[in-house]
Every structure is written in C-alpha cells, then in structure tokens.
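Below is my_file_35.cif, holding mmCIF, C-alpha atoms.
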```
data_work
loop_
_atom_site.label_atom_id
_atom_site.label_comp_id
_atom_site.auth_asym_id
_atom_site.auth_seq_id
_atom_site.Cartn_x
_atom_site.Cartn_y
_atom_site.Cartn_z
CA MET A 1 -30.68 12.04 12.46
CA SER A 2 -29.02 10.99 15.76
CA PHE A 3 -28.38 7.37 16.75
CA LYS A 4 -30.93 7.60 19.60
CA ARG A 5 -33.60 8.96 17.27
CA LEU A 6 -32.70 6.35 14.67
CA ALA A 7 -33.23 3.56 17.21
CA ILE A 8 -36.66 4.99 18.22
CA TYR A 9 -37.63 5.37 14.58
CA ALA A 10 -36.63 1.79 13.83
CA PHE A 11 -38.62 0.55 16.83
CA THR A 12 -41.69 2.47 15.67
CA LEU A 13 -41.52 0.86 12.23
CA MET A 14 -40.99 -2.59 13.73
CA THR A 15 -44.16 -2.07 15.75
CA ALA A 16 -46.03 -0.93 12.66
CA LEU A 17 -44.91 -3.98 10.70
CA SER A 18 -45.83 -6.37 13.48
CA VAL A 19 -49.54 -5.41 13.64
CA SER A 20 -52.03 -7.70 11.97
CA SER A 21 -52.69 -7.30 8.31
CA SER A 22 -56.34 -6.38 9.07
CA ALA A 23 -55.14 -3.05 10.47
CA PHE A 24 -54.13 -1.96 6.98
CA ALA A 25 -56.30 -4.14 4.75
CA GLN A 26 -56.05 -1.68 1.88
CA GLU A 27 -52.26 -1.58 2.07
CA VAL A 28 -49.59 -4.03 0.94
CA THR A 29 -49.58 -7.22 2.96
CA ILE A 30 -46.32 -7.58 4.85
CA THR A 31 -45.03 -11.13 4.47
CA ASP A 32 -43.04 -13.02 7.07
CA LYS A 33 -40.07 -12.94 4.72
CA ALA A 34 -40.25 -9.15 4.47
CA ARG A 35 -40.50 -8.84 8.27
CA SER A 36 -37.42 -11.04 8.63
CA HIS A 37 -35.40 -8.84 6.26
CA PHE A 38 -36.69 -5.70 7.99
CA ARG A 39 -35.70 -6.96 11.47
CA ALA A 40 -32.24 -7.84 10.16
CA GLY A 41 -31.89 -4.36 8.70
CA VAL A 42 -32.91 -2.69 11.98
CA ASN A 43 -30.44 -4.85 13.92
CA LEU A 44 -27.64 -3.87 11.52
CA MET A 45 -28.49 -0.19 11.89
CA ASN A 46 -28.39 -0.52 15.69
CA ASP A 47 -25.20 -2.64 15.82
CA PRO A 48 -23.33 -1.84 19.09
CA ASP A 49 -20.07 -1.50 17.17
CA GLY A 50 -21.55 1.06 14.79
CA ALA A 51 -24.30 1.18 12.22
CA ARG A 52 -23.66 -1.15 9.25
CA TYR A 53 -25.56 0.85 6.65
CA GLU A 54 -24.44 -1.03 3.55
CA GLU A 55 -25.67 -4.38 4.86
CA ALA A 56 -28.83 -2.84 6.31
CA TYR A 57 -29.56 -1.20 2.95
CA GLU A 58 -29.49 -4.61 1.23
CA GLN A 59 -31.87 -6.06 3.84
CA PHE A 60 -34.36 -3.20 3.42
CA LYS A 61 -34.12 -3.50 -0.37
CA SER A 62 -34.98 -7.20 -0.10
CA ALA A 63 -37.86 -6.46 2.29
CA TYR A 64 -39.31 -3.82 -0.03
CA ALA A 65 -38.90 -6.06 -3.09
CA ASP A 66 -40.95 -8.74 -1.32
CA SER A 67 -43.54 -6.37 0.19
CA PRO A 68 -43.42 -2.84 -1.30
CA SER A 69 -44.90 -1.05 1.69
CA TRP A 70 -44.30 2.61 2.51
CA LYS A 71 -43.39 1.54 6.06
CA ILE A 72 -40.08 0.14 4.77
CA LEU A 73 -39.09 3.22 2.79
CA GLY A 74 -38.15 5.34 5.80
CA ASN A 75 -35.27 3.15 6.91
CA LEU A 76 -34.34 2.39 3.30
CA GLY A 77 -34.03 6.14 2.70
CA ILE A 78 -31.86 6.64 5.78
CA CYS A 79 -29.44 3.92 4.67
CA ALA A 80 -29.34 5.31 1.12
CA MET A 81 -28.58 8.77 2.51
CA LYS A 82 -25.72 7.45 4.66
CA LEU A 83 -24.31 5.60 1.64
CA GLU A 84 -24.51 8.85 -0.40
CA ARG A 85 -27.11 7.40 -2.79
CA TYR A 86 -28.89 10.74 -2.67
CA GLY A 87 -31.30 10.09 -5.54
CA GLU A 88 -32.57 6.84 -3.96
CA ALA A 89 -32.81 8.49 -0.54
CA ILE A 90 -34.94 11.37 -1.87
CA LYS A 91 -37.26 8.95 -3.68
CA SER A 92 -37.61 6.78 -0.56
CA PHE A 93 -38.37 9.76 1.69
CA GLU A 94 -41.02 10.99 -0.77
CA GLY A 95 -42.63 7.55 -0.84
CA TYR A 96 -42.61 7.31 2.93
CA LEU A 97 -44.17 10.76 3.47
CA LYS A 98 -46.78 10.25 0.78
CA GLY A 99 -47.71 6.70 1.80
CA GLY A 100 -47.73 7.31 5.53
CA GLY A 101 -50.00 10.35 5.48
CA GLU A 102 -51.54 10.98 8.88
CA GLU A 103 -50.07 7.77 10.34
CA ILE A 104 -46.68 9.48 10.60
CA THR A 105 -46.09 11.51 13.75
CA GLU A 106 -45.41 15.21 13.35
CA GLN A 107 -41.93 14.75 14.79
CA ASP A 108 -41.01 12.02 12.30
CA ARG A 109 -42.59 13.93 9.40
CA ALA A 110 -40.63 17.08 10.26
CA GLN A 111 -37.32 15.17 10.53
CA MET A 112 -37.90 13.27 7.29
CA THR A 113 -38.89 16.46 5.45
CA ARG A 114 -35.73 18.26 6.61
CA ASP A 115 -33.56 15.36 5.47
CA LYS A 116 -35.23 15.30 2.07
CA GLU A 117 -34.89 19.06 1.56
CA THR A 118 -31.21 18.95 2.55
CA LEU A 119 -30.50 16.24 -0.01
CA GLU A 120 -32.46 18.03 -2.75
CA ALA A 121 -30.37 21.18 -2.23
CA GLY A 122 -27.07 19.38 -2.88
CA VAL A 123 -27.82 16.41 -5.10
CA THR A 124 -26.19 16.07 -8.54
CA TYR A 125 -28.01 13.91 -11.08
CA ILE A 126 -26.09 12.01 -13.71
CA THR A 127 -27.33 9.72 -16.48
CA LEU A 128 -25.07 6.82 -17.43
CA GLU A 129 -25.19 4.43 -20.38
CA THR A 130 -22.90 1.64 -21.54
CA LEU A 131 -22.32 0.42 -25.08
CA PRO A 132 -22.96 -2.46 -25.19
CA ALA A 133 -25.45 -2.57 -22.32
CA GLY A 134 -25.23 -4.83 -19.29
CA ALA A 135 -22.15 -3.43 -17.55
CA MET A 136 -21.75 -2.99 -13.80
CA ILE A 137 -20.90 0.51 -12.53
CA VAL A 138 -18.62 1.18 -9.55
CA ASP A 139 -18.71 4.74 -8.19
CA THR A 140 -15.89 5.84 -5.88
CA ARG A 141 -16.12 9.28 -4.31
CA VAL A 142 -12.70 10.49 -3.16
CA PRO A 143 -13.12 12.96 -0.27
CA THR A 144 -10.49 15.50 0.73
CA ARG A 145 -10.38 13.79 4.14
CA GLY A 146 -11.40 10.35 5.26
CA ASN A 147 -11.85 7.08 3.39
CA PRO A 148 -13.27 6.79 -0.14
CA VAL A 149 -16.99 6.03 -0.43
CA VAL A 150 -17.74 3.18 -2.85
CA ASN A 151 -21.14 2.29 -4.37
CA ARG A 152 -21.79 -0.54 -6.83
CA TYR A 153 -24.69 -0.58 -9.27
CA GLU A 154 -25.77 -3.87 -10.79
CA PRO A 155 -25.70 -4.45 -14.57
CA PHE A 156 -28.48 -2.54 -16.30
CA GLU A 157 -30.07 -2.09 -19.70
CA GLY A 158 -30.70 1.30 -21.26
CA LYS A 159 -29.85 4.32 -19.12
CA LEU A 160 -29.15 4.63 -15.39
CA ARG A 161 -30.02 7.89 -13.63
CA LEU A 162 -28.26 8.44 -10.31
CA GLY A 163 -28.45 11.16 -7.70
CA ILE A 164 -25.00 11.49 -6.11
CA ARG A 165 -23.30 13.64 -3.50
CA PRO A 166 -21.20 16.58 -4.76
CA GLY A 167 -17.45 15.97 -4.96
CA PHE A 168 -14.88 14.13 -7.05
CA HIS A 169 -16.14 10.78 -8.36
CA ARG A 170 -14.35 8.03 -10.28
CA PHE A 171 -16.67 5.72 -12.24
CA VAL A 172 -15.60 2.36 -13.67
CA ALA A 173 -17.80 0.28 -16.00
CA THR A 174 -17.06 -3.46 -16.00
CA LEU A 175 -18.39 -5.96 -18.54
CA LYS A 176 -17.18 -9.50 -19.14
CA GLY A 177 -15.18 -9.80 -22.34
CA TYR A 178 -14.37 -6.06 -22.46
CA ASP A 179 -11.74 -3.76 -21.03
CA ASP A 180 -12.86 -1.59 -18.11
CA SER A 181 -14.01 1.91 -19.08
CA LYS A 182 -13.32 4.81 -16.68
CA TRP A 183 -14.78 8.29 -16.21
CA GLU A 184 -13.79 10.92 -13.65
CA PHE A 185 -16.28 13.64 -12.77
CA THR A 186 -16.49 16.45 -10.22
CA ALA A 187 -20.14 16.73 -9.18
CA LYS A 188 -21.62 20.09 -8.22
CA GLY A 189 -24.99 20.56 -6.58
CA GLY A 190 -27.81 21.28 -9.02
CA VAL A 191 -25.76 20.35 -12.10
CA GLU A 192 -26.87 17.45 -14.35
CA ALA A 193 -24.46 15.44 -16.48
CA THR A 194 -24.51 12.46 -18.86
CA HIS A 195 -21.84 10.00 -19.90
CA VAL A 196 -21.67 7.01 -22.24
CA PHE A 197 -19.14 4.26 -21.48
CA LYS A 198 -17.93 2.84 -24.78
CA MET A 199 -16.69 -0.62 -23.93
CA GLU A 200 -13.89 -2.01 -26.10
CA LYS A 201 -12.68 -5.55 -26.66
CA PRO A 202 -9.15 -6.31 -25.46
CA LYS A 203 -6.58 -5.83 -28.19
CA PRO A 204 -5.10 -9.09 -29.50
CA ALA A 205 -1.51 -9.90 -28.69
CA PRO A 206 0.89 -8.60 -31.36
CA VAL A 207 2.20 -11.09 -33.90
CA VAL A 208 5.99 -11.16 -33.97
CA THR A 209 7.74 -12.26 -37.14
CA GLY A 210 10.51 -14.69 -36.30
CA PRO A 211 13.23 -16.26 -38.46
CA THR A 212 10.86 -18.99 -39.69
CA GLY A 213 7.72 -16.87 -40.14
CA PRO A 214 5.04 -15.31 -37.91
CA THR A 215 4.59 -16.73 -34.47
CA GLY A 216 1.81 -16.07 -31.94
CA PRO A 217 1.71 -15.67 -28.14
CA THR A 218 2.91 -19.25 -27.57
CA GLY A 219 5.44 -19.36 -30.41
CA PRO A 220 9.20 -19.33 -29.93
CA THR A 221 9.38 -15.57 -30.44
CA GLY A 222 5.92 -14.57 -29.15
CA PRO A 223 5.48 -12.06 -26.29
CA ASP A 224 4.87 -14.86 -23.77
CA GLN A 225 8.19 -16.50 -24.69
CA PRO A 226 10.72 -13.84 -25.72
CA PRO A 227 13.74 -15.00 -27.71
CA PRO A 228 16.63 -16.14 -25.51
CA PRO A 229 19.47 -13.66 -25.10
CA PRO A 230 22.47 -14.32 -27.34
CA GLU A 231 25.36 -16.24 -25.85
CA MET A 232 28.16 -13.86 -24.95
CA GLU A 233 31.92 -14.34 -24.76
CA ARG A 234 34.93 -12.23 -23.69
CA PRO A 235 37.75 -13.03 -26.07
CA VAL A 236 41.27 -11.93 -25.17
CA PRO A 237 42.19 -9.10 -27.56
CA LEU A 238 45.55 -8.87 -29.33
CA PRO A 239 46.89 -5.99 -27.15
CA VAL A 240 46.62 -8.27 -24.10
CA TRP A 241 48.75 -10.93 -25.78
CA ILE A 242 51.26 -8.26 -26.79
CA GLY A 243 51.32 -7.00 -23.21
CA ILE A 244 51.85 -10.52 -21.86
CA GLY A 245 54.75 -11.03 -24.29
CA ALA A 246 56.30 -7.66 -23.49
CA THR A 247 55.97 -8.26 -19.75
CA GLY A 248 57.61 -11.65 -20.08
CA ALA A 249 60.45 -10.31 -22.25
CA LEU A 250 61.10 -7.43 -19.88
CA GLY A 251 61.05 -9.75 -16.88
CA ILE A 252 63.53 -12.12 -18.52
CA GLY A 253 65.77 -9.17 -19.46
CA ALA A 254 65.67 -7.90 -15.88
CA GLY A 255 66.62 -11.36 -14.64
CA ILE A 256 69.57 -11.65 -17.03
CA THR A 257 70.96 -8.20 -16.22
CA GLY A 258 70.50 -8.91 -12.54
CA ILE A 259 72.56 -12.08 -12.86
CA LEU A 260 75.23 -10.21 -14.81
CA ALA A 261 75.28 -7.44 -12.22
CA THR A 262 75.76 -10.02 -9.47
CA GLY A 263 78.68 -11.57 -11.45
CA LYS A 264 80.34 -8.18 -11.95
CA LYS A 265 80.12 -7.52 -8.23
CA GLY A 266 81.87 -10.82 -7.55
CA ASP A 267 84.63 -9.95 -10.07
CA PHE A 268 85.00 -6.51 -8.51
CA ASP A 269 85.38 -8.01 -5.04
CA SER A 270 88.11 -10.35 -6.35
CA ALA A 271 89.98 -7.61 -8.29
CA ASN A 272 89.72 -5.00 -5.55
CA ASP A 273 92.97 -6.13 -3.83
CA GLY A 274 95.00 -3.01 -4.69
CA ASN A 275 97.10 -4.61 -7.39
CA ASP A 276 95.15 -3.20 -10.35
CA PRO A 277 92.93 -0.30 -9.24
CA ILE A 278 92.03 0.71 -12.81
CA ALA A 279 90.66 -2.75 -13.67
CA ALA A 280 88.75 -2.90 -10.39
CA GLN A 281 87.20 0.50 -11.06
CA GLY A 282 86.09 -0.68 -14.52
CA LEU A 283 84.43 -3.74 -12.99
CA ARG A 284 82.66 -1.53 -10.48
CA ASP A 285 81.36 0.81 -13.20
CA ASP A 286 80.09 -2.14 -15.23
CA GLY A 287 78.29 -3.54 -12.21
CA GLU A 288 76.59 -0.22 -11.45
CA THR A 289 75.49 0.09 -15.08
CA LEU A 290 74.01 -3.42 -15.00
CA ASN A 291 72.21 -2.64 -11.73
CA LEU A 292 70.72 0.51 -13.28
CA VAL A 293 69.55 -1.41 -16.36
CA THR A 294 68.06 -4.10 -14.12
CA ASP A 295 66.12 -1.49 -12.13
CA ILE A 296 64.81 0.09 -15.34
CA LEU A 297 63.77 -3.29 -16.73
CA LEU A 298 62.04 -4.24 -13.46
CA GLY A 299 60.10 -0.96 -13.39
CA THR A 300 59.09 -1.36 -17.03
CA THR A 301 58.02 -4.95 -16.30
CA VAL A 302 55.72 -3.77 -13.50
CA VAL A 303 54.17 -1.07 -15.72
CA ALA A 304 53.67 -3.53 -18.57
CA ALA A 305 52.09 -6.05 -16.23
CA GLY A 306 49.68 -3.39 -14.87
CA VAL A 307 48.62 -2.23 -18.35
CA THR A 308 48.13 -5.83 -19.46
CA ALA A 309 45.96 -6.60 -16.40
CA VAL A 310 43.77 -3.54 -17.07
CA LEU A 311 43.31 -4.55 -20.72
CA PHE A 312 42.49 -8.14 -19.67
CA PHE A 313 39.90 -7.35 -16.97
CA THR A 314 38.16 -4.58 -18.96
CA ARG A 315 37.90 -6.46 -22.23
CA PRO A 316 34.33 -6.13 -23.66
CA GLU A 317 31.75 -8.87 -24.23
CA ARG A 318 30.44 -9.78 -27.65
CA PRO A 319 28.02 -12.36 -29.05
CA VAL A 320 29.51 -15.76 -29.73
CA GLU A 321 30.11 -16.08 -33.43
CA ALA A 322 28.80 -19.14 -35.22
CA PRO A 323 31.53 -21.68 -36.00
CA ALA A 324 32.90 -21.72 -39.48
CA ALA A 325 30.89 -23.91 -41.82
CA LEU A 326 32.92 -25.87 -44.33
CA GLN A 327 31.67 -27.83 -47.29
CA VAL A 328 33.89 -30.34 -49.10
CA SER A 329 32.88 -31.57 -52.57
CA PRO A 330 34.75 -33.41 -55.36
CA ALA A 331 35.94 -31.40 -58.36
CA VAL A 332 36.55 -33.41 -61.54
CA GLY A 333 37.87 -32.03 -64.84
CA LYS A 334 38.70 -33.61 -68.18
CA ARG A 335 42.32 -34.23 -67.24
CA SER A 336 42.37 -33.54 -63.52
CA GLY A 337 40.55 -34.22 -60.27
CA GLY A 338 40.53 -33.03 -56.65
CA LEU A 339 38.47 -31.63 -53.76
CA GLN A 340 36.73 -28.25 -53.58
CA ILE A 341 36.41 -26.63 -50.12
CA SER A 342 33.94 -23.76 -49.51
CA GLY A 343 32.38 -22.23 -46.45
CA THR A 344 31.84 -19.17 -44.25
CA PHE A 345 34.20 -17.89 -41.59
#
```
Give the structure from the file, written as structure tokens.
Amino acid sequence: MSFKRLAIYAFTLMTALSVSSSAFAQEVTITDKARSHFRAGVNLMNDPDGARYEEAYEQFKSAYADSPSWKILGNLGICAMKLERYGEAIKSFEGYLKGGGEEITEQDRAQMTRDKETLEAGVTYITLETLPAGAMIVDTRVPTRGNPVVNRYEPFEGKLRLGIRPGFHRFVATLKGYDDSKWEFTAKGGVEATHVFKMEKPKPAPVVTGPTGPTGPTGPTGPDQPPPPPEMERPVPLPVWIGIGATGALGIGAGITGILATGKKGDFDSANDGNDPIAAQGLRDDGETLNLVTDILLGTTVVAAGVTAVLFFTRPERPVEAPAALQVSPAVGKRSGGLQISGTF
C-alpha cells in the first residue's frame, strides 16, 4: 500500500470515526479517548519524516482496547504488517473486512484482500511457552540486508501463538529471577513450529575453600576478592657472587702486572745505555711478558664482567620465603640445665 493511498485510507477512517454515534447505533460506541488514540496513530503513520509504525501500532492498540470497533482494525493491521507481526495483521484485516461489510469501498476491500492473501501465503506460525510462565519474549529477525527487525511481546500465561515473517529469527525469553533463555529458528512459509523456554535460576557463586575453611563471594578467597598474589623477590644467585669475585680478582691481577710491566720498562730504559746489552735485553723480554699477561688478564676481566652482568640481570623471581621461626624453651635434667632451640628454616 503506497504512502498516498495510506494517507487517503487514514483520512477515510478518521471521517468514519468522527460521525455521530447514532449513525452506527448497533455498533461499538467510539469514545473520545479512542478517537484521541486513533488520531495520534494516523498522525504517526503520516509523519513527514517517515511513517512511525511501531508508535502508531501502540496507539491503535490502545484505541481498539478502549473501543473495539472494526473501523480501527484496518490501520492496526497495516501497522502490524509493517512490523512483520503477520499473524496479528491477518486477524486485523479479517476483522475489518467482516465488520465493514458494504460500508467498505470496493477499492479499499480489494487492496485489503490482496494484502491479507499475500501475508497468508508466507506466514509461519509458531507456538511459544515458558516454564515458568510470565516471561517476556523478544523476537529479532536478522535479514540478509538491512537492519534487524525487533518485536517485543508482553509477559503471558499459557501459550503464545505468533504469525511471523519467514527468515532467521532469534528469540529471547526474559523473566525476573531467571537467566535469559534463547532459541534460534529459521522460519519457512507454511511451516508451523513450537518451542518451550525452560527458564533456569542463576547458578550460585562457587564456594572456595581457603586456608581457614570455606569462604563465600565476600570472603578473603571468594571469587569477588581473589587471594593476593604472592610477594616475589629476585635473590642474587651464587654464580653471580662467584663472577663478581672472579672479575675483581682478575682486575686486581691485571693492575698488578700492569704496574710491574711499567717498572720493567723503566729499568730497561735505564739499562739500555750500551754497557750491558744482555741485561737490557732480559729486562725488555720481562716487560713484554708482563704486558702480554696484563692484556690477557684485562680481556678475561671484561669477559667475566659480561657473564656476571648477564647472570645478574636475568636472575629469576621466586616467592618470598617465610622467615625462619625459632622457639626457645628451657631444658632441665636431673643434673643439668640449659636452653632448647627449635624452629623451621
């Protein structure tokens, strides 16, 4: 049904509702409250920014609840059809066509009949039930393109029979004091289905057994307050101390040999006057040997320092151990006395 035709149809019904009650004395009396809801619904359908079918549907529902006249069912059926409440739309169209009889124009009757037949060809009926009863149902149809279509059905007792549009639907049953129950269903035209939502109470929080007995959600070891992480430390392992000692010893050795090498050079310079070439040569050889040893010691010192640094910076963490507990108590014998020390380390 086009927007232009929808506006004409709404205007026709507004005119029908505005006539005096004597014109349809045998029909339902239209109250002022029902007229007010109906006018609001028509205005929402004809909103310049686009028809607001969900709000208009609620207004027509309120109007029909106050004055159940067939004249309201036409627009109620159109809104239900646009909201994909196919079962409600079919029922509304049937009520409108049956109640209107000859008062409906041939053009309106033909359009309404086509809409009803189109819905009947594709509708899928499902019957829903919740255990316990009283849950609210939210139906979300997820189309392949476009935005999801959401319909909410108020809490109900017994069984709820719905006529829905074919496609993939996700149903969620919500009831206070229970976990939500979900059901996914792909509706196909002409196929009927049933489903029972079995509502379950939330599972209680697990009880965690701590060092002093069971504790609940607010206890020191409950799930709301997990136990604090253990205090960690990074003690310096023995190899690091060995490396520090070796590095220091090698560095001292390199310093001593360096000093000795410097002294030998001074002796060589003094003896190298040509009077005793053999002695001078011996001093030179000793100096070169000391220089070589110094170089070796310096290189070894650097390597030792590097290895020690790696061991220090990569040392692992471990939980801090409890301090040793000591207990001192007197020990008395027949001919002796003293103190007894015990504890854990």
**Request:** Compile the contact shell of Ala304 of chain A as a PyMOL selection string: residues with an atom at most 9 Å away, counting all atoms listed in the file, same-chain residues fewer than 4 positions apart removed.
**Result:** chain A and resi 243-244+246-247+250+299-300+308-309
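Counting only C-alpha atoms, Met199 of chain A has the following residues at most 9 Å away, ignoring those fewer than 3 positions along the same chain: Thr130, Leu131, Pro132, Ala135, Ala173, Thr174, Leu175, Tyr178, Asp179, Asp180 and Ser181 of chain A.
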**Message:** Using the chain letters and numbers from this file, what does the PyMOL selection byres ((chain A and resi 280) around 12) select? Give the answer as a VMD selection string.
**Reply:** chain A and resid 264 to 279 281 to 287
Do you know which residues are at most 7 Å from Val28 of chain A counting only C-alpha atoms, after dropping those on the same chain fewer than 4 positions away, and could you put them as a compact mmCIF listing (two decimals) with C-alpha atoms, in the frame of the given file?
```
# COMPACT_ATOMS: atom_id res chain seq x y z
CA SER A 67 -43.54 -6.37 0.19
CA PRO A 68 -43.42 -2.84 -1.30
CA SER A 69 -44.90 -1.05 1.69
```
**Asked** Can you list, as a VMD selection string, the residues that the PyMOL selection byres ((chain A and resi 82-94) around 9) selects here?
**Response** chain A and resid 53 to 54 57 70 72 to 81 95 to 99 112 to 113 115 to 117 119 to 120 122 to 125 149 to 151 161 to 165
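Between atom CA of Val302 of chain A and atom CA of Thr262 of chain A there is a distance of 21.4 Å.
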**Message:** So, with all atoms listed in the file as the atoms that count, which of A:Thr127, A:Gly146, A:Phe168, A:Pro206 lies closest to Thr194 of chain A?
**Reply:** A:Thr127
Can you list, as a compact mmCIF listing (two decimals) with C-alpha atoms, in the coordinates of the input, every protein, DNA or RNA residue that comes within 6 Å of Gly41 of chain A when you count all atoms listed in the file, leaving out same-chain residues fewer than 2 positions away?
```
# COMPACT_ATOMS: atom_id res chain seq x y z
CA PHE A 38 -36.69 -5.70 7.99
CA ARG A 39 -35.70 -6.96 11.47
CA ASN A 43 -30.44 -4.85 13.92
CA LEU A 44 -27.64 -3.87 11.52
CA ALA A 56 -28.83 -2.84 6.31
CA GLN A 59 -31.87 -6.06 3.84
CA PHE A 60 -34.36 -3.20 3.42
```
